[in-house]
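Structure data (PDB, C-alpha atoms, pLDDT in the B column) from target_29.pdb:
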MODEL        1
ATOM      1  CA  MET A 108      36.469 -62.317  27.500  1.00 85.00           C
ATOM      2  CA  GLU A 109      34.212 -60.520  29.959  1.00 89.00           C
ATOM      3  CA  PHE A 110      36.992 -58.022  30.685  1.00 92.00           C
ATOM      4  CA  LEU A 111      37.207 -57.178  26.982  1.00 94.00           C
ATOM      5  CA  LEU A 112      33.443 -56.700  26.757  1.00 94.00           C
ATOM      6  CA  TRP A 113      33.459 -54.353  29.767  1.00 96.00           C
ATOM      7  CA  PHE A 114      36.345 -52.456  28.169  1.00 97.00           C
ATOM      8  CA  ILE A 115      34.239 -52.029  25.021  1.00 96.00           C
ATOM      9  CA  VAL A 116      31.278 -50.772  27.095  1.00 96.00           C
ATOM     10  CA  ILE A 117      33.466 -48.180  28.824  1.00 96.00           C
ATOM     11  CA  LEU A 118      35.034 -47.196  25.500  1.00 96.00           C
ATOM     12  CA  LEU A 119      31.557 -46.719  23.987  1.00 97.00           C
ATOM     13  CA  PHE A 120      30.622 -44.454  26.899  1.00 97.00           C
ATOM     14  CA  ALA A 121      33.816 -42.393  26.545  1.00 95.00           C
ATOM     15  CA  VAL A 122      33.371 -41.975  22.789  1.00 95.00           C
ATOM     16  CA  SER A 123      29.710 -41.040  23.334  1.00 94.00           C
ATOM     17  CA  ILE A 124      30.808 -38.117  25.506  1.00 92.00           C
ATOM     18  CA  ALA A 125      33.342 -37.101  22.837  1.00 89.00           C
ATOM     19  CA  GLY A 126      30.430 -37.201  20.379  1.00 85.00           C
ATOM     20  CA  ILE A 127      28.924 -34.182  22.107  1.00 82.00           C
ATOM     21  CA  PHE A 128      31.849 -32.131  20.806  1.00 76.00           C
ATOM     22  CA  PHE A 129      32.234 -33.981  17.487  1.00 74.00           C
ATOM     23  CA  PRO A 130      28.779 -34.486  15.983  1.00 68.00           C
ATOM     24  CA  VAL A 131      30.122 -36.926  13.403  1.00 69.00           C
ATOM     25  CA  LEU A 132      30.207 -39.382  16.316  1.00 76.00           C
ATOM     26  CA  PRO A 133      26.690 -40.584  17.139  1.00 83.00           C
ATOM     27  CA  ASP A 134      26.845 -39.906  20.886  1.00 87.00           C
ATOM     28  CA  THR A 135      23.446 -41.264  21.873  1.00 90.00           C
ATOM     29  CA  ILE A 136      23.739 -44.358  19.694  1.00 93.00           C
ATOM     30  CA  LEU A 137      27.126 -45.194  21.218  1.00 95.00           C
ATOM     31  CA  LEU A 138      25.736 -44.778  24.721  1.00 96.00           C
ATOM     32  CA  TRP A 139      22.830 -47.084  23.942  1.00 96.00           C
ATOM     33  CA  ALA A 140      25.205 -49.570  22.285  1.00 97.00           C
ATOM     34  CA  GLY A 141      26.995 -49.866  25.627  1.00 97.00           C
ATOM     35  CA  PHE A 142      23.705 -50.493  27.435  1.00 96.00           C
ATOM     36  CA  LEU A 143      22.622 -53.089  24.885  1.00 95.00           C
ATOM     37  CA  LEU A 144      26.008 -54.834  24.887  1.00 96.00           C
ATOM     38  CA  TYR A 145      25.773 -55.261  28.637  1.00 95.00           C
ATOM     39  CA  HIS A 146      22.126 -56.308  28.618  1.00 94.00           C
ATOM     40  CA  PHE A 147      22.347 -58.902  25.846  1.00 93.00           C
ATOM     41  CA  VAL A 148      25.957 -60.112  26.009  1.00 93.00           C
ATOM     42  CA  ILE A 149      27.535 -59.487  29.419  1.00 93.00           C
ATOM     43  CA  ALA A 150      24.643 -59.884  31.867  1.00 88.00           C
ATOM     44  CA  ASP A 151      23.433 -63.328  32.806  1.00 87.00           C
ATOM     45  CA  PRO A 152      20.291 -64.330  30.895  1.00 84.00           C
ATOM     46  CA  GLY A 153      17.238 -62.877  32.613  1.00 81.00           C
ATOM     47  CA  ALA A 154      19.383 -60.651  34.845  1.00 84.00           C
ATOM     48  CA  GLY A 155      19.889 -57.712  32.490  1.00 87.00           C
ATOM     49  CA  LEU A 156      18.763 -54.167  32.981  1.00 93.00           C
ATOM     50  CA  PRO A 157      15.242 -53.674  34.406  1.00 94.00           C
ATOM     51  CA  ALA A 158      12.372 -52.026  32.540  1.00 93.00           C
ATOM     52  CA  SER A 159      12.598 -48.958  34.807  1.00 95.00           C
ATOM     53  CA  PHE A 160      16.159 -48.413  33.577  1.00 96.00           C
ATOM     54  CA  TRP A 161      15.068 -48.531  29.930  1.00 96.00           C
ATOM     55  CA  TRP A 162      12.171 -46.131  30.536  1.00 97.00           C
ATOM     56  CA  GLY A 163      14.475 -43.735  32.381  1.00 97.00           C
ATOM     57  CA  MET A 164      17.061 -43.899  29.607  1.00 97.00           C
ATOM     58  CA  GLY A 165      14.339 -43.193  27.052  1.00 96.00           C
ATOM     59  CA  VAL A 166      13.273 -40.048  28.905  1.00 96.00           C
ATOM     60  CA  LEU A 167      16.857 -38.873  29.384  1.00 95.00           C
ATOM     61  CA  THR A 168      17.612 -39.540  25.704  1.00 94.00           C
ATOM     62  CA  LEU A 169      14.691 -37.322  24.695  1.00 92.00           C
ATOM     63  CA  LEU A 170      16.043 -34.647  27.052  1.00 89.00           C
ATOM     64  CA  MET A 171      19.426 -34.809  25.307  1.00 86.00           C
ATOM     65  CA  PHE A 172      17.824 -34.393  21.882  1.00 83.00           C
ATOM     66  CA  ALA A 173      15.714 -31.502  23.144  1.00 84.00           C
ATOM     67  CA  ALA A 174      18.702 -29.750  24.718  1.00 80.00           C
ATOM     68  CA  ASP A 175      20.132 -28.667  21.354  1.00 72.00           C
ATOM     69  CA  PHE A 176      16.897 -27.218  20.090  1.00 73.00           C
ATOM     70  CA  PHE A 177      15.388 -25.612  23.162  1.00 81.00           C
ATOM     71  CA  THR A 178      18.524 -23.975  24.542  1.00 81.00           C
ATOM     72  CA  ASN A 179      19.149 -22.285  21.198  1.00 73.00           C
ATOM     73  CA  MET A 180      15.546 -21.110  20.991  1.00 76.00           C
ATOM     74  CA  TYR A 181      15.642 -19.850  24.578  1.00 82.00           C
ATOM     75  CA  PHE A 182      18.834 -17.824  24.187  1.00 82.00           C
ATOM     76  CA  VAL A 183      17.813 -16.366  20.830  1.00 80.00           C
ATOM     77  CA  LYS A 184      14.518 -15.166  22.306  1.00 80.00           C
ATOM     78  CA  LYS A 185      16.189 -14.014  25.544  1.00 85.00           C
ATOM     79  CA  ASN A 186      18.455 -11.734  23.506  1.00 85.00           C
ATOM     80  CA  GLY A 187      15.516 -10.221  21.640  1.00 86.00           C
ATOM     81  CA  GLY A 188      15.384 -12.524  18.641  1.00 85.00           C
ATOM     82  CA  SER A 189      12.260 -13.157  16.653  1.00 86.00           C
ATOM     83  CA  ARG A 190      10.330 -16.395  16.277  1.00 84.00           C
ATOM     84  CA  ALA A 191      11.817 -16.681  12.791  1.00 89.00           C
ATOM     85  CA  SER A 192      15.321 -16.508  14.264  1.00 87.00           C
ATOM     86  CA  ALA A 193      14.542 -19.168  16.857  1.00 83.00           C
ATOM     87  CA  LEU A 194      13.282 -21.420  14.057  1.00 85.00           C
ATOM     88  CA  GLY A 195      16.301 -20.487  11.946  1.00 88.00           C
ATOM     89  CA  ALA A 196      18.619 -21.518  14.789  1.00 84.00           C
ATOM     90  CA  MET A 197      16.984 -24.958  14.920  1.00 81.00           C
ATOM     91  CA  ILE A 198      17.263 -25.361  11.154  1.00 87.00           C
ATOM     92  CA  GLY A 199      20.872 -24.170  11.350  1.00 87.00           C
ATOM     93  CA  ILE A 200      21.735 -26.902  13.846  1.00 81.00           C
ATOM     94  CA  ILE A 201      20.300 -29.577  11.581  1.00 82.00           C
ATOM     95  CA  LEU A 202      21.959 -28.199   8.435  1.00 88.00           C
ATOM     96  CA  GLY A 203      25.233 -27.650  10.255  1.00 85.00           C
ATOM     97  CA  VAL A 204      25.423 -31.226  11.460  1.00 78.00           C
ATOM     98  CA  ILE A 205      24.659 -32.567   7.993  1.00 83.00           C
ATOM     99  CA  LEU A 206      26.666 -30.177   5.811  1.00 87.00           C
ATOM    100  CA  PHE A 207      29.703 -29.176   7.869  1.00 84.00           C
ATOM    101  CA  PRO A 208      30.293 -31.313  10.952  1.00 74.00           C
ATOM    102  CA  PRO A 209      31.457 -30.637  13.625  1.00 73.00           C
ATOM    103  CA  PHE A 210      31.705 -26.855  13.287  1.00 82.00           C
ATOM    104  CA  GLY A 211      28.531 -26.426  11.273  1.00 85.00           C
ATOM    105  CA  MET A 212      26.290 -26.769  14.309  1.00 81.00           C
ATOM    106  CA  ILE A 213      27.987 -23.659  15.723  1.00 85.00           C
ATOM    107  CA  ILE A 214      28.457 -21.632  12.527  1.00 91.00           C
ATOM    108  CA  PHE A 215      25.183 -22.300  10.669  1.00 92.00           C
ATOM    109  CA  PRO A 216      22.768 -21.228  13.439  1.00 89.00           C
ATOM    110  CA  PHE A 217      24.855 -18.114  14.090  1.00 92.00           C
ATOM    111  CA  VAL A 218      24.900 -17.072  10.419  1.00 93.00           C
ATOM    112  CA  ILE A 219      21.236 -17.922   9.800  1.00 93.00           C
ATOM    113  CA  VAL A 220      20.079 -15.935  12.841  1.00 91.00           C
ATOM    114  CA  LEU A 221      22.300 -12.997  11.891  1.00 93.00           C
ATOM    115  CA  VAL A 222      20.888 -12.951   8.348  1.00 94.00           C
ATOM    116  CA  ILE A 223      17.281 -13.310   9.524  1.00 93.00           C
ATOM    117  CA  GLU A 224      17.607 -10.514  12.044  1.00 92.00           C
ATOM    118  CA  MET A 225      19.362  -8.130   9.657  1.00 92.00           C
ATOM    119  CA  LEU A 226      17.425  -8.794   6.449  1.00 92.00           C
ATOM    120  CA  LEU A 227      13.982  -9.943   7.547  1.00 89.00           C
ATOM    121  CA  GLN A 228      13.636  -8.233  10.906  1.00 88.00           C
ATOM    122  CA  LYS A 229      15.561  -5.082   9.848  1.00 89.00           C
ATOM    123  CA  GLN A 230      17.688  -5.054  13.012  1.00 88.00           C
ATOM    124  CA  ALA A 231      20.875  -3.006  13.253  1.00 90.00           C
ATOM    125  CA  LEU A 232      24.132  -4.969  13.000  1.00 91.00           C
ATOM    126  CA  ASP A 233      24.924  -4.661  16.719  1.00 91.00           C
ATOM    127  CA  LYS A 234      21.465  -5.885  17.750  1.00 91.00           C
ATOM    128  CA  ALA A 235      21.547  -8.727  15.184  1.00 91.00           C
ATOM    129  CA  LEU A 236      25.015  -9.764  16.410  1.00 92.00           C
ATOM    130  CA  LYS A 237      23.774  -9.842  20.013  1.00 91.00           C
ATOM    131  CA  ILE A 238      20.889 -12.088  19.018  1.00 89.00           C
ATOM    132  CA  ALA A 239      23.161 -14.328  16.913  1.00 90.00           C
ATOM    133  CA  LEU A 240      25.579 -14.609  19.827  1.00 89.00           C
ATOM    134  CA  GLY A 241      22.633 -15.994  21.762  1.00 86.00           C
ATOM    135  CA  THR A 242      22.857 -19.042  19.491  1.00 81.00           C
ATOM    136  CA  LEU A 243      26.454 -19.596  20.570  1.00 82.00           C
ATOM    137  CA  ILE A 244      25.493 -19.310  24.219  1.00 86.00           C
ATOM    138  CA  GLY A 245      22.659 -21.720  23.521  1.00 83.00           C
ATOM    139  CA  PHE A 246      25.014 -24.210  21.892  1.00 80.00           C
ATOM    140  CA  PHE A 247      27.465 -24.173  24.774  1.00 84.00           C
ATOM    141  CA  SER A 248      24.607 -24.408  27.256  1.00 86.00           C
ATOM    142  CA  SER A 249      23.266 -27.463  25.452  1.00 84.00           C
ATOM    143  CA  VAL A 250      26.741 -29.035  25.616  1.00 85.00           C
ATOM    144  CA  VAL A 251      26.712 -28.595  29.402  1.00 89.00           C
ATOM    145  CA  VAL A 252      23.220 -30.110  29.653  1.00 89.00           C
ATOM    146  CA  LYS A 253      24.123 -33.038  27.396  1.00 89.00           C
ATOM    147  CA  ILE A 254      27.309 -33.796  29.335  1.00 92.00           C
ATOM    148  CA  ALA A 255      25.384 -33.724  32.607  1.00 94.00           C
ATOM    149  CA  VAL A 256      22.631 -35.971  31.242  1.00 94.00           C
ATOM    150  CA  GLN A 257      25.106 -38.451  29.772  1.00 95.00           C
ATOM    151  CA  ILE A 258      27.029 -38.632  33.043  1.00 96.00           C
ATOM    152  CA  ILE A 259      23.764 -39.273  34.892  1.00 96.00           C
ATOM    153  CA  MET A 260      22.903 -42.008  32.400  1.00 97.00           C
ATOM    154  CA  ILE A 261      26.314 -43.655  32.758  1.00 97.00           C
ATOM    155  CA  ILE A 262      26.258 -43.485  36.565  1.00 97.00           C
ATOM    156  CA  TRP A 263      22.721 -44.905  36.608  1.00 97.00           C
ATOM    157  CA  PHE A 264      23.899 -47.735  34.346  1.00 97.00           C
ATOM    158  CA  PHE A 265      26.749 -48.669  36.687  1.00 96.00           C
ATOM    159  CA  VAL A 266      24.515 -48.458  39.757  1.00 96.00           C
ATOM    160  CA  VAL A 267      22.027 -50.863  38.161  1.00 95.00           C
ATOM    161  CA  ALA A 268      24.566 -53.132  36.416  1.00 92.00           C
ATOM    162  CA  LEU A 269      27.010 -53.648  39.270  1.00 87.00           C
TER
ENDMDL
END

Using structure tokens, write down the structure that the file contains.
Amino acid sequence: MEFLLWFIVILLFAVSIAGIFFPVLPDTILLWAGFLLYHFVIADPGAGLPASFWWGMGVLTLLMFAADFFTNMYFVKKNGGSRASALGAMIGIILGVILFPPFGMIIFPFVIVLVIEMLLQKQALDKALKIALGTLIGFFSSVVVKIAVQIIMIIWFFVVAL
């Protein structure tokens, strides 16, 4: 039985990493489900994960949530985008995840930033495209950050649990 439970924990971790690329999969929730399964079902009573682990996971989870928003904002501004475009990129991520997963979180920020820069900021098409491409760079950068953070979280789990 314990083997099956460990298999489920590892499966939850693997699917959580896949969730970075397919936002319909709740990556962070799956990761935490693996931690909780170990802590409450697999570990001996009173010998689960320490408080320092939970605090660390909380901080790293916040970092993963922030990665999507702040990398998009950074790359939009780095490419000359306005504050409105940076905000539009964040709104685009949220709308994209809700309305058209998994591709919406790539397409919506790009389109929203392009429209904002061309219509509201009166930028030329080439300049607006450069700024909108910053959202794509931001998305792929956030994927790299989220993968790295999840791998750190998983390694930390195994170091503490084993």

For the structure shown, which residues end up in the PyMOL selection byres ((chain A and resi 197) around 12)? Put them as a PDB file with C-alpha atoms, keeping the file's coordinate frame, please?
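Final output, result-v4.pdb:
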ATOM      1  CA  PHE A 172      17.824 -34.393  21.882  1.00 83.00           C
ATOM      2  CA  ALA A 173      15.714 -31.502  23.144  1.00 84.00           C
ATOM      3  CA  ALA A 174      18.702 -29.750  24.718  1.00 80.00           C
ATOM      4  CA  ASP A 175      20.132 -28.667  21.354  1.00 72.00           C
ATOM      5  CA  PHE A 176      16.897 -27.218  20.090  1.00 73.00           C
ATOM      6  CA  PHE A 177      15.388 -25.612  23.162  1.00 81.00           C
ATOM      7  CA  THR A 178      18.524 -23.975  24.542  1.00 81.00           C
ATOM      8  CA  ASN A 179      19.149 -22.285  21.198  1.00 73.00           C
ATOM      9  CA  MET A 180      15.546 -21.110  20.991  1.00 76.00           C
ATOM     10  CA  TYR A 181      15.642 -19.850  24.578  1.00 82.00           C
ATOM     11  CA  PHE A 182      18.834 -17.824  24.187  1.00 82.00           C
ATOM     12  CA  VAL A 183      17.813 -16.366  20.830  1.00 80.00           C
ATOM     13  CA  ARG A 190      10.330 -16.395  16.277  1.00 84.00           C
ATOM     14  CA  ALA A 191      11.817 -16.681  12.791  1.00 89.00           C
ATOM     15  CA  SER A 192      15.321 -16.508  14.264  1.00 87.00           C
ATOM     16  CA  ALA A 193      14.542 -19.168  16.857  1.00 83.00           C
ATOM     17  CA  LEU A 194      13.282 -21.420  14.057  1.00 85.00           C
ATOM     18  CA  GLY A 195      16.301 -20.487  11.946  1.00 88.00           C
ATOM     19  CA  ALA A 196      18.619 -21.518  14.789  1.00 84.00           C
ATOM     20  CA  ILE A 198      17.263 -25.361  11.154  1.00 87.00           C
ATOM     21  CA  GLY A 199      20.872 -24.170  11.350  1.00 87.00           C
ATOM     22  CA  ILE A 200      21.735 -26.902  13.846  1.00 81.00           C
ATOM     23  CA  ILE A 201      20.300 -29.577  11.581  1.00 82.00           C
ATOM     24  CA  LEU A 202      21.959 -28.199   8.435  1.00 88.00           C
ATOM     25  CA  GLY A 203      25.233 -27.650  10.255  1.00 85.00           C
ATOM     26  CA  VAL A 204      25.423 -31.226  11.460  1.00 78.00           C
ATOM     27  CA  MET A 212      26.290 -26.769  14.309  1.00 81.00           C
ATOM     28  CA  ILE A 213      27.987 -23.659  15.723  1.00 85.00           C
ATOM     29  CA  PHE A 215      25.183 -22.300  10.669  1.00 92.00           C
ATOM     30  CA  PRO A 216      22.768 -21.228  13.439  1.00 89.00           C
ATOM     31  CA  PHE A 217      24.855 -18.114  14.090  1.00 92.00           C
ATOM     32  CA  ILE A 219      21.236 -17.922   9.800  1.00 93.00           C
ATOM     33  CA  VAL A 220      20.079 -15.935  12.841  1.00 91.00           C
ATOM     34  CA  THR A 242      22.857 -19.042  19.491  1.00 81.00           C
ATOM     35  CA  GLY A 245      22.659 -21.720  23.521  1.00 83.00           C
ATOM     36  CA  PHE A 246      25.014 -24.210  21.892  1.00 80.00           C
TER      37      PHE A 246
END

Mind telling me what the PyMOL selection byres ((chain A and resi 134) around 10) catches here, as a PDB file with C-alpha atoms, in the frame of the given file?
ATOM      1  CA  LEU A 119      31.557 -46.719  23.987  1.00 97.00           C
ATOM      2  CA  PHE A 120      30.622 -44.454  26.899  1.00 97.00           C
ATOM      3  CA  ALA A 121      33.816 -42.393  26.545  1.00 95.00           C
ATOM      4  CA  VAL A 122      33.371 -41.975  22.789  1.00 95.00           C
ATOM      5  CA  SER A 123      29.710 -41.040  23.334  1.00 94.00           C
ATOM      6  CA  ILE A 124      30.808 -38.117  25.506  1.00 92.00           C
ATOM      7  CA  ALA A 125      33.342 -37.101  22.837  1.00 89.00           C
ATOM      8  CA  GLY A 126      30.430 -37.201  20.379  1.00 85.00           C
ATOM      9  CA  ILE A 127      28.924 -34.182  22.107  1.00 82.00           C
ATOM     10  CA  PHE A 128      31.849 -32.131  20.806  1.00 76.00           C
ATOM     11  CA  PHE A 129      32.234 -33.981  17.487  1.00 74.00           C
ATOM     12  CA  PRO A 130      28.779 -34.486  15.983  1.00 68.00           C
ATOM     13  CA  VAL A 131      30.122 -36.926  13.403  1.00 69.00           C
ATOM     14  CA  LEU A 132      30.207 -39.382  16.316  1.00 76.00           C
ATOM     15  CA  PRO A 133      26.690 -40.584  17.139  1.00 83.00           C
ATOM     16  CA  THR A 135      23.446 -41.264  21.873  1.00 90.00           C
ATOM     17  CA  ILE A 136      23.739 -44.358  19.694  1.00 93.00           C
ATOM     18  CA  LEU A 137      27.126 -45.194  21.218  1.00 95.00           C
ATOM     19  CA  LEU A 138      25.736 -44.778  24.721  1.00 96.00           C
ATOM     20  CA  TRP A 139      22.830 -47.084  23.942  1.00 96.00           C
ATOM     21  CA  ALA A 140      25.205 -49.570  22.285  1.00 97.00           C
ATOM     22  CA  LYS A 253      24.123 -33.038  27.396  1.00 89.00           C
ATOM     23  CA  GLN A 257      25.106 -38.451  29.772  1.00 95.00           C
TER      24      GLN A 257
END

Run the PyMOL selection byres ((chain A and resi 221-224) around 9) mentally over the shown coordinates, then write out the matched residues as a PyMOL selection string, using the chain letters and numbers from the document.
chain A and resi 188-189+191-192+195+216-220+225-232+234-240

Using C-alpha atoms, can you export the residues from the last selection as a CSV table (one decimal), in the coordinates of the input?
chain,number,residue,atom,x,y,z
A,188,GLY,CA,15.4,-12.5,18.6
A,189,SER,CA,12.3,-13.2,16.7
A,191,ALA,CA,11.8,-16.7,12.8
A,192,SER,CA,15.3,-16.5,14.3
A,195,GLY,CA,16.3,-20.5,11.9
A,216,PRO,CA,22.8,-21.2,13.4
A,217,PHE,CA,24.9,-18.1,14.1
A,218,VAL,CA,24.9,-17.1,10.4
A,219,ILE,CA,21.2,-17.9,9.8
A,220,VAL,CA,20.1,-15.9,12.8
A,225,MET,CA,19.4,-8.1,9.7
A,226,LEU,CA,17.4,-8.8,6.4
A,227,LEU,CA,14.0,-9.9,7.5
A,228,GLN,CA,13.6,-8.2,10.9
A,229,LYS,CA,15.6,-5.1,9.8
A,230,GLN,CA,17.7,-5.1,13.0
A,231,ALA,CA,20.9,-3.0,13.3
A,232,LEU,CA,24.1,-5.0,13.0
A,234,LYS,CA,21.5,-5.9,17.8
A,235,ALA,CA,21.5,-8.7,15.2
A,236,LEU,CA,25.0,-9.8,16.4
A,237,LYS,CA,23.8,-9.8,20.0
A,238,ILE,CA,20.9,-12.1,19.0
A,239,ALA,CA,23.2,-14.3,16.9
A,240,LEU,CA,25.6,-14.6,19.8

Could you jot down the CA of Thr168 in chain A to CA of Ser249 in chain A separation for me, Å, one decimal place?
13.3 Å

Just how far from CA of Ser248 in chain A is CA of Pro209 in chain A, in Å to one decimal?
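Atom-to-atom, CA of Pro209 in chain A and CA of Ser248 in chain A are spaced 16.5 Å apart.
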
Residue with smallest distance to Val148 in chain A - pool A:Ile259, A:Leu111, A:Leu269, A:Leu206, counting all atoms listed in the file:
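Between A:Ile259, A:Leu111, A:Leu269, A:Leu206, the residue approaching Val148 in chain A most closely is A:Leu111.
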
Would you please work out which residue, of A:Ala150, A:Leu243, A:Leu118, A:Val256, is nearest to Leu169 in chain A when using all atoms listed in the file?
A:Val256

In the coordinates of the file, take the point (32.5, -53.1, 31.8) and a cut-off of 10 Å; then, counting all atoms listed in the file, name each qualifying protein, DNA or RNA residue as a list of chain:residue names.
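Those within range, by chain then number, are A:Glu109, A:Phe110, A:Leu111, A:Leu112, A:Trp113, A:Phe114, A:Ile115, A:Val116, A:Ile117, A:Leu118, A:Gly141, A:Leu144, A:Tyr145, A:Ile149, A:Phe265, A:Ala268, A:Leu269.
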
N, CA and C atoms are needed for range 113-140 of chain A; please write them out as a short mmCIF file (atom, residue, chain, number, x, y, z; two decimals), keeping the file's coordinate frame.
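The resulting file, result.cif, is reproduced below:
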data_model
loop_
_atom_site.label_atom_id
_atom_site.label_comp_id
_atom_site.auth_asym_id
_atom_site.auth_seq_id
_atom_site.Cartn_x
_atom_site.Cartn_y
_atom_site.Cartn_z
N TRP A 113 33.61 -55.53 28.89
CA TRP A 113 33.46 -54.35 29.77
C TRP A 113 34.30 -53.18 29.25
N PHE A 114 35.49 -53.49 28.75
CA PHE A 114 36.34 -52.46 28.17
C PHE A 114 35.63 -51.78 27.00
N ILE A 115 34.98 -52.57 26.17
CA ILE A 115 34.24 -52.03 25.02
C ILE A 115 33.08 -51.15 25.50
N VAL A 116 32.37 -51.58 26.55
CA VAL A 116 31.28 -50.77 27.10
C VAL A 116 31.81 -49.42 27.56
N ILE A 117 32.89 -49.44 28.31
CA ILE A 117 33.47 -48.18 28.82
C ILE A 117 33.97 -47.32 27.68
N LEU A 118 34.57 -47.93 26.68
CA LEU A 118 35.03 -47.20 25.50
C LEU A 118 33.85 -46.55 24.77
N LEU A 119 32.76 -47.28 24.62
CA LEU A 119 31.56 -46.72 23.99
C LEU A 119 31.06 -45.51 24.76
N PHE A 120 31.07 -45.59 26.08
CA PHE A 120 30.62 -44.45 26.90
C PHE A 120 31.55 -43.25 26.71
N ALA A 121 32.86 -43.49 26.71
CA ALA A 121 33.82 -42.39 26.54
C ALA A 121 33.66 -41.73 25.18
N VAL A 122 33.52 -42.54 24.14
CA VAL A 122 33.37 -41.98 22.79
C VAL A 122 32.03 -41.26 22.66
N SER A 123 31.01 -41.73 23.39
CA SER A 123 29.71 -41.04 23.33
C SER A 123 29.82 -39.63 23.91
N ILE A 124 30.60 -39.47 24.95
CA ILE A 124 30.81 -38.12 25.51
C ILE A 124 31.60 -37.26 24.52
N ALA A 125 32.59 -37.84 23.87
CA ALA A 125 33.34 -37.10 22.84
C ALA A 125 32.41 -36.69 21.70
N GLY A 126 31.39 -37.49 21.44
CA GLY A 126 30.43 -37.20 20.38
C GLY A 126 29.64 -35.92 20.60
N ILE A 127 29.59 -35.46 21.83
CA ILE A 127 28.92 -34.18 22.11
C ILE A 127 29.69 -33.05 21.42
N PHE A 128 31.00 -33.16 21.39
CA PHE A 128 31.85 -32.13 20.81
C PHE A 128 32.13 -32.37 19.32
N PHE A 129 32.00 -33.62 18.88
CA PHE A 129 32.23 -33.98 17.49
C PHE A 129 30.99 -34.68 16.95
N PRO A 130 30.06 -33.92 16.40
CA PRO A 130 28.78 -34.49 15.98
C PRO A 130 28.85 -35.59 14.94
N VAL A 131 30.02 -35.80 14.33
CA VAL A 131 30.12 -36.93 13.40
C VAL A 131 30.08 -38.25 14.16
N LEU A 132 30.33 -38.19 15.46
CA LEU A 132 30.21 -39.38 16.32
C LEU A 132 28.78 -39.42 16.87
N PRO A 133 28.08 -40.50 16.67
CA PRO A 133 26.69 -40.58 17.14
C PRO A 133 26.62 -40.84 18.65
N ASP A 134 26.71 -39.78 19.44
CA ASP A 134 26.84 -39.91 20.89
C ASP A 134 25.77 -40.77 21.54
N THR A 135 24.53 -40.53 21.23
CA THR A 135 23.45 -41.26 21.87
C THR A 135 23.44 -42.72 21.44
N ILE A 136 23.71 -42.97 20.18
CA ILE A 136 23.74 -44.36 19.69
C ILE A 136 24.86 -45.14 20.37
N LEU A 137 26.01 -44.52 20.55
CA LEU A 137 27.13 -45.19 21.22
C LEU A 137 26.79 -45.50 22.67
N LEU A 138 26.14 -44.57 23.33
CA LEU A 138 25.74 -44.78 24.72
C LEU A 138 24.79 -45.97 24.82
N TRP A 139 23.79 -45.98 23.95
CA TRP A 139 22.83 -47.08 23.94
C TRP A 139 23.49 -48.40 23.54
N ALA A 140 24.49 -48.35 22.67
CA ALA A 140 25.20 -49.57 22.28
C ALA A 140 25.87 -50.19 23.51
#
